[in-house]
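So this block is work_3.csv, CSV, C-alpha atoms:
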```
chain,number,residue,atom,x,y,z
A,1441,MET,CA,-3.2,34.0,148.0
A,1442,THR,CA,-0.9,32.1,145.6
A,1443,LYS,CA,1.7,29.8,147.0
A,1444,VAL,CA,4.8,28.9,144.9
A,1445,PHE,CA,7.6,26.6,145.9
A,1446,ILE,CA,11.0,27.1,144.0
A,1447,LEU,CA,13.5,24.2,143.9
A,1448,ALA,CA,17.0,24.9,142.7
A,1449,VAL,CA,20.0,22.6,143.6
A,1450,GLU,CA,22.8,24.1,141.5
A,1451,ASN,CA,24.5,27.5,141.6
A,1452,SER,CA,23.1,28.8,138.2
A,1453,ALA,CA,19.6,27.5,139.1
A,1454,ASP,CA,19.8,29.2,142.4
A,1455,HIS,CA,20.3,32.6,140.7
A,1456,LEU,CA,17.5,31.9,138.3
A,1457,GLY,CA,15.3,31.0,141.2
A,1458,ALA,CA,16.1,34.3,142.9
A,1459,GLN,CA,15.4,36.3,139.8
A,1460,LEU,CA,12.1,34.5,139.2
A,1461,ALA,CA,11.1,35.0,142.8
A,1462,GLN,CA,11.7,38.8,142.6
A,1463,HIS,CA,9.4,39.1,139.5
A,1464,LEU,CA,6.7,36.9,141.0
A,1465,ARG,CA,6.6,39.3,144.0
A,1466,MET,CA,6.5,42.3,141.7
A,1467,GLN,CA,3.6,40.9,139.6
A,1468,ASP,CA,1.6,39.5,142.5
A,1469,LYS,CA,2.0,41.3,145.8
A,1470,THR,CA,0.1,38.5,147.6
A,1471,VAL,CA,2.3,35.6,146.4
A,1472,LYS,CA,3.8,33.5,149.1
A,1473,LEU,CA,7.2,32.0,148.3
A,1474,ALA,CA,9.1,29.1,149.8
A,1475,GLY,CA,11.9,27.0,148.4
A,1476,ILE,CA,15.1,25.0,148.4
A,1477,GLY,CA,18.1,26.7,147.0
A,1478,GLY,CA,21.4,28.5,147.8
A,1479,SER,CA,22.8,31.8,148.7
A,1480,ALA,CA,21.1,33.8,146.0
A,1481,MET,CA,17.6,32.7,147.0
A,1482,ARG,CA,18.5,33.1,150.7
A,1483,ALA,CA,19.6,36.7,150.0
A,1484,ILE,CA,16.1,37.7,148.8
A,1485,GLY,CA,14.4,36.1,151.8
A,1486,ILE,CA,13.8,32.5,150.8
A,1487,PRO,CA,15.8,30.3,153.2
A,1488,SER,CA,16.5,26.8,152.0
A,1489,GLN,CA,14.4,24.1,153.6
A,1490,MET,CA,17.0,21.5,152.7
A,1491,ASP,CA,20.8,21.2,152.5
A,1492,ILE,CA,21.6,21.1,148.7
A,1493,SER,CA,25.3,20.3,149.1
A,1494,GLY,CA,26.4,17.4,146.9
A,1495,LEU,CA,23.6,17.7,144.4
A,1496,ALA,CA,25.6,19.6,141.7
A,1497,ILE,CA,26.3,16.4,139.7
A,1498,LEU,CA,27.1,15.9,136.0
A,1499,GLY,CA,27.7,12.7,134.3
A,1500,PHE,CA,27.0,9.0,134.5
A,1501,THR,CA,29.8,7.9,136.8
A,1502,GLU,CA,29.3,10.8,139.2
A,1503,GLY,CA,25.6,10.0,139.3
A,1504,LEU,CA,26.2,6.3,140.2
A,1505,ARG,CA,28.5,7.2,143.1
A,1506,SER,CA,26.0,9.7,144.5
A,1507,TYR,CA,22.8,7.8,143.8
A,1508,PRO,CA,21.8,6.9,147.4
A,1509,HIS,CA,22.4,10.5,148.4
A,1510,ILE,CA,20.3,11.7,145.5
A,1511,LEU,CA,17.4,9.5,146.3
A,1512,ARG,CA,17.3,10.6,149.9
A,1513,LYS,CA,17.3,14.2,148.8
A,1514,VAL,CA,14.6,13.6,146.2
A,1515,LYS,CA,12.3,12.2,148.9
A,1516,GLU,CA,13.1,15.1,151.2
A,1517,ALA,CA,12.5,17.7,148.6
A,1518,ALA,CA,9.2,16.2,147.5
A,1519,GLN,CA,8.0,16.0,151.1
A,1520,ARG,CA,8.9,19.6,151.7
A,1521,ILE,CA,7.0,20.7,148.6
A,1522,LEU,CA,3.9,18.6,149.7
A,1523,GLU,CA,4.0,20.0,153.2
A,1524,SER,CA,4.2,23.6,151.9
A,1525,GLY,CA,0.8,23.4,150.4
A,1526,ALA,CA,2.1,25.2,147.3
A,1527,ASP,CA,-0.1,25.7,144.3
A,1528,ALA,CA,2.9,25.2,142.1
A,1529,ALA,CA,6.3,23.6,142.4
A,1530,ILE,CA,8.9,25.2,140.1
A,1531,LEU,CA,11.7,22.7,139.3
A,1532,ILE,CA,14.7,24.6,137.9
A,1533,ASP,CA,17.2,22.8,135.6
A,1534,SER,CA,19.1,19.7,136.9
A,1535,TRP,CA,17.4,17.1,134.7
A,1536,GLY,CA,18.2,13.9,136.6
A,1537,PHE,CA,17.3,15.3,140.1
A,1538,MET,CA,14.2,17.2,139.0
A,1539,VAL,CA,12.5,14.4,137.0
A,1540,ARG,CA,12.8,12.2,140.1
A,1541,VAL,CA,11.3,14.9,142.3
A,1542,ALA,CA,8.4,15.2,139.8
A,1543,GLN,CA,7.9,11.5,139.8
A,1544,ARG,CA,7.9,11.4,143.6
A,1545,LEU,CA,5.5,14.3,143.8
A,1546,LYS,CA,2.9,12.5,141.7
A,1547,LYS,CA,3.4,9.3,143.8
A,1548,ILE,CA,2.8,11.0,147.1
A,1549,GLY,CA,-0.3,12.8,145.9
A,1550,TYR,CA,0.8,16.4,145.3
A,1551,LYS,CA,-2.1,18.2,143.7
A,1552,GLY,CA,-0.4,21.4,142.6
A,1553,GLN,CA,1.1,22.3,139.2
A,1554,VAL,CA,4.5,20.8,138.6
A,1555,ILE,CA,6.3,23.2,136.4
A,1556,LYS,CA,9.8,22.5,134.9
A,1557,TYR,CA,11.8,25.6,134.3
A,1558,LEU,CA,14.5,25.0,131.6
A,1559,ALA,CA,14.0,22.0,129.3
A,1560,PRO,CA,16.6,19.2,129.0
A,1561,GLN,CA,18.6,19.8,125.8
A,1562,VAL,CA,16.9,17.1,123.8
A,1563,TRP,CA,17.9,18.9,120.6
A,1564,ALA,CA,21.5,18.0,121.5
A,1565,MET,CA,21.0,14.4,122.7
A,1566,ARG,CA,18.6,12.0,124.3
A,1567,GLU,CA,15.4,13.1,122.6
A,1568,GLY,CA,13.6,10.4,124.6
A,1569,ARG,CA,13.8,12.6,127.6
A,1570,ALA,CA,11.0,14.8,126.1
A,1571,LYS,CA,8.6,11.9,126.4
A,1572,ILE,CA,9.7,11.1,130.0
A,1573,LEU,CA,9.3,14.7,131.1
A,1574,ALA,CA,5.8,15.0,129.5
A,1575,ARG,CA,4.7,12.1,131.7
A,1576,HIS,CA,5.8,13.7,135.0
A,1577,VAL,CA,5.3,17.5,134.8
A,1578,ASP,CA,2.3,19.6,133.9
A,1579,GLN,CA,4.0,22.6,132.2
A,1580,LEU,CA,7.3,23.5,130.7
A,1581,LEU,CA,9.0,26.9,130.6
A,1582,THR,CA,11.7,26.9,128.0
A,1583,ILE,CA,14.5,29.4,127.1
A,1584,HIS,CA,14.9,28.3,123.5
A,1585,SER,CA,12.4,29.1,120.9
A,1586,PHE,CA,13.1,25.9,119.0
A,1587,ASP,CA,12.3,23.6,122.1
A,1588,ALA,CA,8.5,23.5,121.8
A,1589,PRO,CA,8.0,20.8,119.0
A,1590,TYR,CA,10.1,18.2,120.9
A,1591,PHE,CA,7.8,18.3,123.9
A,1592,GLU,CA,4.4,19.4,122.4
A,1593,ARG,CA,4.3,16.2,120.3
A,1594,HIS,CA,4.1,14.3,123.6
A,1595,GLY,CA,1.3,16.6,124.9
A,1596,LEU,CA,3.3,18.8,127.3
A,1597,PRO,CA,2.3,22.5,127.2
A,1598,VAL,CA,5.4,24.7,126.5
A,1599,HIS,CA,5.8,28.4,127.3
A,1600,TYR,CA,8.8,30.1,125.7
A,1601,VAL,CA,10.1,32.8,128.0
A,1602,GLY,CA,13.5,33.7,126.6
A,1603,ASN,CA,16.9,33.1,128.1
A,1604,PRO,CA,17.3,34.6,131.6
A,1605,VAL,CA,21.1,34.5,131.4
A,1606,PHE,CA,20.9,37.6,129.3
A,1607,ASP,CA,18.6,39.6,131.7
A,1608,THR,CA,21.7,41.0,133.5
A,1609,ASP,CA,23.9,43.8,132.2
A,1610,TYR,CA,27.2,42.1,132.4
A,1611,ARG,CA,29.1,45.3,131.4
A,1612,SER,CA,28.2,47.1,134.6
A,1613,GLY,CA,31.2,46.1,136.6
A,1614,ASP,CA,33.8,48.6,138.0
A,1615,ALA,CA,37.2,47.8,136.4
A,1616,LYS,CA,39.0,50.8,137.8
A,1617,ALA,CA,37.9,50.1,141.4
A,1618,LEU,CA,39.1,46.5,141.2
A,1619,CYS,CA,42.4,47.3,139.6
A,1620,ARG,CA,43.0,50.1,142.2
A,1621,GLU,CA,42.1,47.8,145.1
A,1622,TYR,CA,44.7,45.2,144.1
A,1623,GLY,CA,47.3,47.5,142.6
A,1624,LEU,CA,47.1,46.0,139.1
A,1625,GLY,CA,47.9,49.3,137.3
A,1626,ASP,CA,48.5,48.6,133.6
A,1627,LYS,CA,48.5,44.8,133.9
A,1628,ASP,CA,46.9,42.7,131.3
A,1629,ILE,CA,44.0,41.0,133.2
A,1630,VAL,CA,43.0,37.4,132.4
A,1631,ALA,CA,39.8,36.3,134.2
A,1632,VAL,CA,39.6,32.6,135.3
A,1633,PHE,CA,36.3,30.9,136.0
A,1634,PHE,CA,36.6,27.4,137.4
A,1635,GLY,CA,33.0,26.2,137.2
A,1636,SER,CA,30.3,25.6,139.8
A,1637,ARG,CA,30.6,21.8,140.3
A,1638,PRO,CA,33.2,20.0,142.5
A,1639,SER,CA,33.9,17.6,139.7
A,1640,GLU,CA,34.7,20.5,137.3
A,1641,ILE,CA,37.2,21.9,139.8
A,1642,ALA,CA,38.8,18.5,140.3
A,1643,ARG,CA,39.3,18.0,136.5
A,1644,LEU,CA,40.3,21.5,135.5
A,1645,ALA,CA,42.5,22.6,138.3
A,1646,LYS,CA,45.7,21.2,136.9
A,1647,PRO,CA,45.2,22.3,133.2
A,1648,PHE,CA,44.2,25.7,134.5
A,1649,ALA,CA,47.3,25.9,136.7
A,1650,ASP,CA,49.5,24.7,133.8
A,1651,ALA,CA,48.0,27.4,131.6
A,1652,VAL,CA,48.5,30.1,134.2
A,1653,THR,CA,52.1,29.2,134.7
A,1654,GLN,CA,52.9,29.0,131.0
A,1655,LEU,CA,51.2,32.3,130.3
A,1656,ARG,CA,52.9,34.1,133.2
A,1657,HIS,CA,56.3,33.0,131.8
A,1658,SER,CA,55.5,34.1,128.3
A,1659,HIS,CA,53.6,37.3,129.3
A,1660,PRO,CA,55.2,38.8,132.5
A,1661,ASN,CA,52.7,41.7,132.5
A,1662,VAL,CA,49.7,39.4,132.9
A,1663,ALA,CA,47.6,39.1,136.1
A,1664,PHE,CA,44.9,36.5,136.8
A,1665,ILE,CA,41.7,37.1,138.7
A,1666,SER,CA,38.9,34.7,139.5
A,1667,ALA,CA,35.4,35.2,141.0
A,1668,VAL,CA,34.6,31.9,142.6
A,1669,SER,CA,31.1,30.4,142.7
A,1670,SER,CA,29.9,30.2,146.3
A,1671,SER,CA,29.0,26.5,145.7
A,1672,VAL,CA,32.7,25.5,145.2
A,1673,THR,CA,34.6,28.0,147.3
A,1674,LYS,CA,35.9,25.1,149.5
A,1675,GLU,CA,37.0,23.1,146.5
A,1676,VAL,CA,38.8,26.0,144.8
A,1677,SER,CA,40.6,26.9,148.0
A,1678,GLY,CA,41.6,23.3,148.4
A,1679,ALA,CA,42.9,23.1,144.9
A,1680,ALA,CA,45.0,26.3,145.4
A,1681,GLY,CA,46.4,24.7,148.6
A,1682,ALA,CA,47.3,21.5,146.8
A,1683,ASP,CA,48.8,23.3,143.7
A,1684,LEU,CA,50.6,26.4,144.7
A,1685,ARG,CA,50.6,27.7,141.1
A,1686,LEU,CA,46.9,28.5,141.5
A,1687,GLN,CA,47.9,31.0,144.2
A,1688,ASP,CA,49.0,33.2,141.3
A,1689,ILE,CA,45.3,33.8,140.8
A,1690,ILE,CA,43.6,36.5,142.9
A,1691,LEU,CA,40.5,34.7,144.2
A,1692,LEU,CA,37.5,36.8,144.9
A,1693,PRO,CA,33.9,36.1,146.0
A,1694,GLU,CA,31.2,35.5,143.4
A,1695,ASN,CA,29.7,39.0,144.0
A,1696,ARG,CA,32.8,40.5,142.3
A,1697,LYS,CA,32.1,38.7,139.1
A,1698,LEU,CA,31.0,41.7,137.1
A,1699,ASP,CA,34.1,43.7,138.2
A,1700,VAL,CA,36.3,40.8,137.1
A,1701,MET,CA,34.7,40.7,133.7
A,1702,ALA,CA,34.9,44.5,133.3
A,1703,CYS,CA,38.7,44.5,133.7
A,1704,ALA,CA,39.5,41.3,131.7
A,1705,LYS,CA,41.1,41.4,128.3
A,1706,ALA,CA,40.4,37.7,128.0
A,1707,ALA,CA,39.0,34.8,130.0
A,1708,LEU,CA,39.6,31.1,130.6
A,1709,ALA,CA,36.4,29.5,131.6
A,1710,CYS,CA,34.8,26.1,132.3
A,1711,SER,CA,32.0,25.5,129.9
A,1712,GLY,CA,28.6,26.4,131.3
A,1713,THR,CA,26.4,29.4,132.1
A,1714,MET,CA,29.5,31.5,132.8
A,1715,THR,CA,30.6,31.3,129.1
A,1716,SER,CA,27.2,32.9,128.0
A,1717,GLN,CA,27.7,35.6,130.6
A,1718,LEU,CA,31.2,36.3,129.4
A,1719,ALA,CA,29.9,36.5,125.8
A,1720,ALA,CA,27.3,39.0,126.8
A,1721,ALA,CA,30.0,41.1,128.5
A,1722,GLY,CA,32.0,41.0,125.2
A,1723,VAL,CA,35.0,39.2,126.9
A,1724,PRO,CA,37.0,37.1,124.4
A,1725,SER,CA,37.0,33.7,126.1
A,1726,VAL,CA,38.7,30.3,125.9
A,1727,VAL,CA,36.4,27.4,127.0
A,1728,ALA,CA,37.5,24.2,128.6
A,1729,TYR,CA,35.7,21.1,129.8
A,1730,LYS,CA,36.5,17.6,130.9
A,1731,LEU,CA,34.2,14.7,131.7
A,1732,ALA,CA,34.8,11.4,133.4
A,1733,PRO,CA,36.1,9.0,130.7
A,1734,LEU,CA,33.0,6.8,130.7
A,1735,THR,CA,30.6,9.8,130.5
A,1736,TYR,CA,32.6,11.3,127.7
A,1737,PHE,CA,32.6,8.0,125.8
A,1738,ALA,CA,28.8,8.0,125.9
A,1739,ALA,CA,28.3,11.7,125.2
A,1740,LYS,CA,30.6,11.6,122.2
A,1741,ARG,CA,28.3,9.2,120.5
A,1742,LEU,CA,25.0,10.8,121.5
A,1743,TYR,CA,25.7,14.5,121.4
A,1744,LYS,CA,24.6,16.2,118.1
A,1745,PRO,CA,25.9,19.8,118.0
A,1746,LYS,CA,29.4,20.7,116.9
A,1747,PHE,CA,30.0,22.8,119.9
A,1748,ILE,CA,29.4,22.7,123.7
A,1749,SER,CA,28.8,26.4,124.4
A,1750,ILE,CA,25.3,27.8,123.8
A,1751,VAL,CA,26.6,30.9,122.2
A,1752,ASN,CA,28.7,28.9,119.7
A,1753,ILE,CA,25.8,26.5,119.1
A,1754,ALA,CA,23.5,29.5,118.3
A,1755,ALA,CA,26.0,31.1,116.0
A,1756,ASN,CA,27.0,27.8,114.5
A,1757,GLN,CA,30.7,28.8,114.7
A,1758,ALA,CA,33.4,28.9,117.3
A,1759,LEU,CA,33.1,32.5,118.6
A,1760,MET,CA,34.8,31.1,121.7
A,1761,PRO,CA,37.5,28.4,121.0
A,1762,GLU,CA,36.6,25.2,122.9
A,1763,PHE,CA,38.9,22.5,124.3
A,1764,MET,CA,37.6,19.2,125.5
A,1765,GLN,CA,39.2,16.3,127.4
A,1766,THR,CA,42.9,15.9,126.5
A,1767,ASP,CA,42.8,19.0,124.4
A,1768,ALA,CA,42.0,21.0,127.6
A,1769,ASN,CA,45.7,21.1,128.6
A,1770,GLY,CA,48.0,23.9,129.7
A,1771,PRO,CA,49.9,24.5,126.5
A,1772,GLN,CA,46.8,24.7,124.3
A,1773,LEU,CA,44.8,26.9,126.7
A,1774,ALA,CA,47.7,29.2,127.2
A,1775,ALA,CA,48.3,29.5,123.5
A,1776,ALA,CA,44.6,30.4,122.9
A,1777,LEU,CA,44.7,33.1,125.6
A,1778,ALA,CA,48.1,34.5,124.3
A,1779,TYR,CA,46.5,34.9,120.9
A,1780,TYR,CA,44.0,37.3,122.3
A,1781,LEU,CA,46.6,39.2,124.4
A,1782,ASP,CA,49.0,39.5,121.4
A,1783,HIS,CA,46.5,40.6,118.8
A,1784,PRO,CA,44.4,43.5,120.0
A,1785,ASP,CA,42.5,43.7,116.6
A,1786,LYS,CA,41.5,40.0,116.9
A,1787,ARG,CA,40.5,40.6,120.5
A,1788,LYS,CA,38.2,43.5,119.5
A,1789,SER,CA,36.8,41.5,116.6
A,1790,ALA,CA,36.0,38.6,119.0
A,1791,ALA,CA,34.4,40.9,121.5
A,1792,ARG,CA,32.2,42.5,118.9
A,1793,ALA,CA,31.1,39.1,117.5
A,1794,LEU,CA,30.2,37.9,120.9
A,1795,SER,CA,28.2,41.0,121.7
A,1796,GLN,CA,26.3,40.8,118.5
A,1797,GLN,CA,25.4,37.2,118.9
A,1798,THR,CA,24.2,37.5,122.5
A,1799,ALA,CA,22.1,40.5,121.5
A,1800,LYS,CA,20.2,38.2,119.1
A,1801,MET,CA,19.6,35.8,121.9
A,1802,ARG,CA,18.0,38.3,124.3
A,1803,ALA,CA,14.2,38.7,124.7
A,1804,GLN,CA,13.1,41.0,121.9
A,1805,ASP,CA,10.0,42.6,123.5
A,1806,GLY,CA,11.9,44.6,126.1
A,1807,GLU,CA,10.7,42.4,129.0
A,1808,SER,CA,13.2,40.2,130.8
A,1809,ALA,CA,13.0,36.4,130.6
A,1810,SER,CA,12.5,36.2,134.3
A,1811,ALA,CA,9.6,38.5,134.2
A,1812,GLN,CA,8.0,36.5,131.3
A,1813,ALA,CA,8.6,33.3,133.3
A,1814,ALA,CA,6.9,34.8,136.4
A,1815,ARG,CA,3.9,35.9,134.2
A,1816,ALA,CA,3.6,32.5,132.6
A,1817,ILE,CA,3.5,30.8,136.1
A,1818,LEU,CA,0.9,33.2,137.4
A,1819,ASN,CA,-1.2,32.7,134.2
A,1820,ILE,CA,-1.0,29.0,134.6
A,1821,LEU,CA,-2.2,29.2,138.2
A,1822,LYS,CA,-5.1,31.4,137.2
```
Give the structure from this file in structure tokens form.
Amino acid sequence: MTKVFILAVENSADHLGAQLAQHLRMQDKTVKLAGIGGSAMRAIGIPSQMDISGLAILGFTEGLRSYPHILRKVKEAAQRILESGADAAILIDSWGFMVRVAQRLKKIGYKGQVIKYLAPQVWAMREGRAKILARHVDQLLTIHSFDAPYFERHGLPVHYVGNPVFDTDYRSGDAKALCREYGLGDKDIVAVFFGSRPSEIARLAKPFADAVTQLRHSHPNVAFISAVSSSVTKEVSGAAGADLRLQDIILLPENRKLDVMACAKAALACSGTMTSQLAAAGVPSVVAYKLAPLTYFAAKRLYKPKFISIVNIAANQALMPEFMQTDANGPQLAAALAYYLDHPDKRKSAARALSQQTAKMRAQDGESASAQAARAILNILK
């Protein structure tokens, strides 16, 4: 019997962990799974062995403030993995947290395979992380075909499995049912996606509220809908309570995300996995992001690509307009959304370009990335 422990401490990683677990079970009926994760993993029968709240952290200053909490959780996670007797520990995304867990596992004598799922984006910045990762994990599963050379030169075996973001059919939502449920009739729907980290909500709540207010005034027929990540439901509700303008947005649970995308003519989204999903659904989207000033100061000097969205990076052009820092403000975001609402031909052209680009980024052999990742793990353990 094969024992696998899956560790995922952020919302997107939690969903990847759930997909991976399902394919591990399909490919090996005897596999025994345990893990630390969120609601997606719990929904398929893998209850979390540790509270992961407060671990969805991005940026230097956020990391400093949370460092004592992170270290406690690193020790707890590593101990849970050791006690599980797992043959493999799958560490999904979350570079800073996971590399510390990997270090801790080696220190306390864990004998199983330490497998990192999703590589740090060393092609974008901090190439030195490849060498660090190679010292502390045994295998790497990567979602980009161009990742391997960065890590293999340091002796780390790399398995390209494709991008699991594109495993889902994001066009399968029920637009009619959602519009009927909320009496939206012939409204022009704009989807709003706040992000999955508390810091993202804190920084984008005001510019999003400004954009919503401005667009509502200029386009009276517009309606706003959001599917809120389970990891930040409390933060979004708090933001809507503090800024009543956000109450113009219909807030729905995360499991209505596909329905929201299905009825949206355009979307306003925090940069992240969500923008790739919107691109795969063919929804013309406006991307926004804000970092802490110190984090942005450092990133601006280290970051190599021209864009922040994976789809834009892959296409080498702004298929989704991006607004960073002070540019992520109400007037600019509203104007970019209005452009899509006012020009149906441009909206259709953008949707077509996004669909074509994401089609190129899917696994080409017909098997999902999650299935390939599961097969790679089981082959490693054999």
Which residues are near Leu1759 in chain A? Cut-off 8 Å, all atoms listed in the file, ignore same chain within fewer than 6 positions. Put them as a PDB file with C-alpha atoms, in the coordinates of the input.
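Produced file part02.pdb, reproduced below:
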```
ATOM      1  CA  VAL A1751      26.600  30.900 122.200  1.00  0.00           C
ATOM      2  CA  ASN A1752      28.700  28.900 119.700  1.00  0.00           C
ATOM      3  CA  ALA A1790      36.000  38.600 119.000  1.00  0.00           C
ATOM      4  CA  ALA A1793      31.100  39.100 117.500  1.00  0.00           C
ATOM      5  CA  LEU A1794      30.200  37.900 120.900  1.00  0.00           C
TER       6      LEU A1794
END
```
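Nearest to Ala1706 in chain A of all the residues A:Leu1731, A:Leu1691, A:Ala1448, A:Ile1665 is A:Ile1665, based on all atoms listed in the file.
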Report as a tab-separated table the residues of range 1458-1526 of chain A within 12 Å of range 1600-1607 of chain A, each with its shortest atom pair and distance in Å (one decimal), using all atoms listed in the file, ordered by chain and increasing residue number.
```
residue	atom	partner	partner_atom	distance
A:Ala1458	CA	A:Pro1604	CA	11.4
A:Gln1459	CA	A:Pro1604	CA	8.6
A:Leu1460	CA	A:Pro1604	CA	9.2
```
Skipping near chain neighbours, those fewer than 5 positions away, what residues fall within 9 Å of Gln1796 in chain A using all atoms listed in the file, listed as a PyMOL selection string? chain A and resi 1720+1722+1791
Could you build a table of the residues in range 1624-1721 of chain A lying no more than 12 Å from range 1797-1802 of chain A, giving for each the nearest pair of atoms and their separation in Å rounded to one decimal place, using all atoms listed in the file, ordered by chain and ascending residue number, as a tab-separated table?
```
residue	atom	partner	partner_atom	distance
A:Thr1715	CA	A:Thr1798	CA	11.1
A:Ser1716	CA	A:Thr1798	CA	7.8
A:Gln1717	CA	A:Thr1798	CA	9.0
A:Leu1718	CA	A:Thr1798	CA	9.9
A:Ala1719	CA	A:Thr1798	CA	6.7
A:Ala1720	CA	A:Thr1798	CA	5.5
A:Ala1721	CA	A:Thr1798	CA	9.1
```
Next, the residues of the selection above should be written as a PDB file, keeping the file's coordinate frame with C-alpha atoms.
```
ATOM      1  CA  THR A1715      30.600  31.300 129.100  1.00  0.00           C
ATOM      2  CA  SER A1716      27.200  32.900 128.000  1.00  0.00           C
ATOM      3  CA  GLN A1717      27.700  35.600 130.600  1.00  0.00           C
ATOM      4  CA  LEU A1718      31.200  36.300 129.400  1.00  0.00           C
ATOM      5  CA  ALA A1719      29.900  36.500 125.800  1.00  0.00           C
ATOM      6  CA  ALA A1720      27.300  39.000 126.800  1.00  0.00           C
ATOM      7  CA  ALA A1721      30.000  41.100 128.500  1.00  0.00           C
TER       8      ALA A1721
END
```
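For His1455 in chain A, the list of residues within 9 Å, based on only C-alpha atoms and with local chain neighbours fewer than 2 positions off taken out, reads Ala1448, Glu1450, Asn1451, Ser1452, Ala1453, Gly1457, Ala1458, Gln1459, Leu1460, Gly1477, Gly1478, Ser1479, Ala1480 and Met1481 of chain A.
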Nearest to Ser1795 in chain A by atom-to-atom distance, counting all atoms listed in the file, from A:Val1723, A:Ile1484, A:Ala1809, A:Ala1774: A:Val1723
Find, counting all atoms listed in the file, the residue in A:Lys1443, A:His1584, A:Arg1656, A:Lys1705 that gets nearest to Ala1631 in chain A. A:Lys1705
Taking (23.9, 14.3, 122.3) in the file's coordinates, which residues come within 7 Å, counting all atoms listed in the file, written as a list in words?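 The distance filter leaves exactly Ala1564, Met1565, Arg1566, Ala1739, Arg1741, Leu1742, Tyr1743 and Lys1744 of chain A.
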Find the distance between CA of Ser1666 in chain A and CA of Ile1753 in chain A and write it in Å to one decimal. 25.6 Å
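When CA of Ala1667 in chain A is paired with CA of Thr1735 in chain A, their separation reads 27.9 Å.
Considering all atoms listed in the file, the residue among A:Leu1558, A:Leu1698, A:Ile1690, A:Leu1777 positioned nearest to Asp1609 in chain A is A:Leu1698.
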CA of Val1449 in chain A to CA of Ser1506 in chain A, distance in Å rounded to a single decimal: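 About the pair CA of Val1449 in chain A and CA of Ser1506 in chain A: they are 14.3 Å apart.
Minimum distance to Leu1511 in chain A across A:Lys1571, A:Lys1746, A:Arg1544, A:Leu1531 (counting all atoms listed in the file) occurs at A:Arg1544.
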So which one's closest to Arg1512 in chain A, A:Gly1494, A:Gly1623, A:Gly1525, A:Gly1485? Using all atoms listed in the file, please.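 Among the listed residues, A:Gly1494 lies closest to Arg1512 in chain A.
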Counting only C-alpha atoms, which residues sit no farther than 7 Å from the position (26.5, 24.4, 149.6) in the file's frame? I'd like them as a list of chain:residue names. A:Gly1478, A:Ile1492, A:Ser1493, A:Ser1671
I'd like the contact shell of Thr1582 in chain A - 12 Å cut-off, only C-alpha atoms, skipping same-chain residues fewer than 3 positions apart - returned as a compact mmCIF listing (two decimals) with C-alpha atoms, keeping the file's coordinate frame.
```txt
# COMPACT_ATOMS: atom_id res chain seq x y z
CA ILE A 1532 14.70 24.60 137.90
CA ASP A 1533 17.20 22.80 135.60
CA ILE A 1555 6.30 23.20 136.40
CA LYS A 1556 9.80 22.50 134.90
CA TYR A 1557 11.80 25.60 134.30
CA LEU A 1558 14.50 25.00 131.60
CA ALA A 1559 14.00 22.00 129.30
CA PRO A 1560 16.60 19.20 129.00
CA GLN A 1561 18.60 19.80 125.80
CA VAL A 1562 16.90 17.10 123.80
CA GLN A 1579 4.00 22.60 132.20
CA SER A 1585 12.40 29.10 120.90
CA PHE A 1586 13.10 25.90 119.00
CA ASP A 1587 12.30 23.60 122.10
CA ALA A 1588 8.50 23.50 121.80
CA PRO A 1589 8.00 20.80 119.00
CA TYR A 1590 10.10 18.20 120.90
CA PHE A 1591 7.80 18.30 123.90
CA GLU A 1592 4.40 19.40 122.40
CA LEU A 1596 3.30 18.80 127.30
CA PRO A 1597 2.30 22.50 127.20
CA VAL A 1598 5.40 24.70 126.50
CA HIS A 1599 5.80 28.40 127.30
CA TYR A 1600 8.80 30.10 125.70
CA VAL A 1601 10.10 32.80 128.00
CA GLY A 1602 13.50 33.70 126.60
CA ASN A 1603 16.90 33.10 128.10
CA PRO A 1604 17.30 34.60 131.60
CA ALA A 1809 13.00 36.40 130.60
CA SER A 1810 12.50 36.20 134.30
CA GLN A 1812 8.00 36.50 131.30
CA ALA A 1813 8.60 33.30 133.30
CA ALA A 1816 3.60 32.50 132.60
```
